[in-house]
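What follows is a set of notes on a single structure, which appears directly below.
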Amino acid sequence: MEGQDQWRRTRVVKIESMESWNFYLTKAIQQDSLIVVHFTASWCMPSVAMNPFFEELALTYPDVLFLTVDVDEVKEVAAKLEIKAMPTFLMMKNGTQIDKLVGANPEEIRKRIGAYTETVHVA
């Protein structure tokens, strides 16, 4: 139940292992959902500063799955996706990366998510 309460409060799911990454990736593929992943690190101030904005995006786009991955806690996921800098934002569809943005650029992230959700809704 605790996870469900967290979902209601934040809508951003924190990935804590390779297993949870695979679970949410599979779930999004089955539901044909866009995934937006924020790769972060507790020591990276631009990443930490983006957290409230990322939460706001998650509330704005309820049909999109928002995940956050701390690169120091879940190194396997960061290595698999070749994440080299924080913050990095990945957009994924059907298990495949469709876009990548490195750096804290809130308006560009909003614009790209908006473009992908419009595409999804029109199709």
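Every chain in the structure tokens takes a letter, A first, then B, and so on in the order presented; its residues are numbered from 1, and the ligands are numbered from 1 following the presented order.
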
I need the residues in chain A that are alpha helix (DSSP H) according to DSSP; give them as a VMD selection string. chain A and resid 2 to 10 18 to 30 45 to 60 75 to 80 106 to 122

Residue contacts of A:Glu118 (12 Å, only C-alpha atoms) excluding same-chain residues fewer than 6 positions away, as a PyMOL selection string: chain A and resi 34+61+63-64+111-112

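Among the candidates A:Ala115, A:Trp43, A:Ile83, A:Glu76, the residue lying nearest to A:Glu19 is A:Glu76 (atoms considered: only C-alpha atoms).
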
Can you pull out every residue within 12 Å of A:Thr96, counting only C-alpha atoms, but drop anything in the same chain fewer than 6 positions away, and send it as a ChimeraX atom specification? /A:25-26,28-29,32-36,81,90

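Restricting the calculation to only C-alpha atoms, the smallest distance between A:Ile98 and any of A:Ala79, A:Ala85, A:Leu57, A:Ile113 is found for A:Ile113.
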
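Nearest residue to A:Lys80, choosing from A:Leu65, A:Met18, A:Ala58, A:Val37 and counting only C-alpha atoms: A:Met18.
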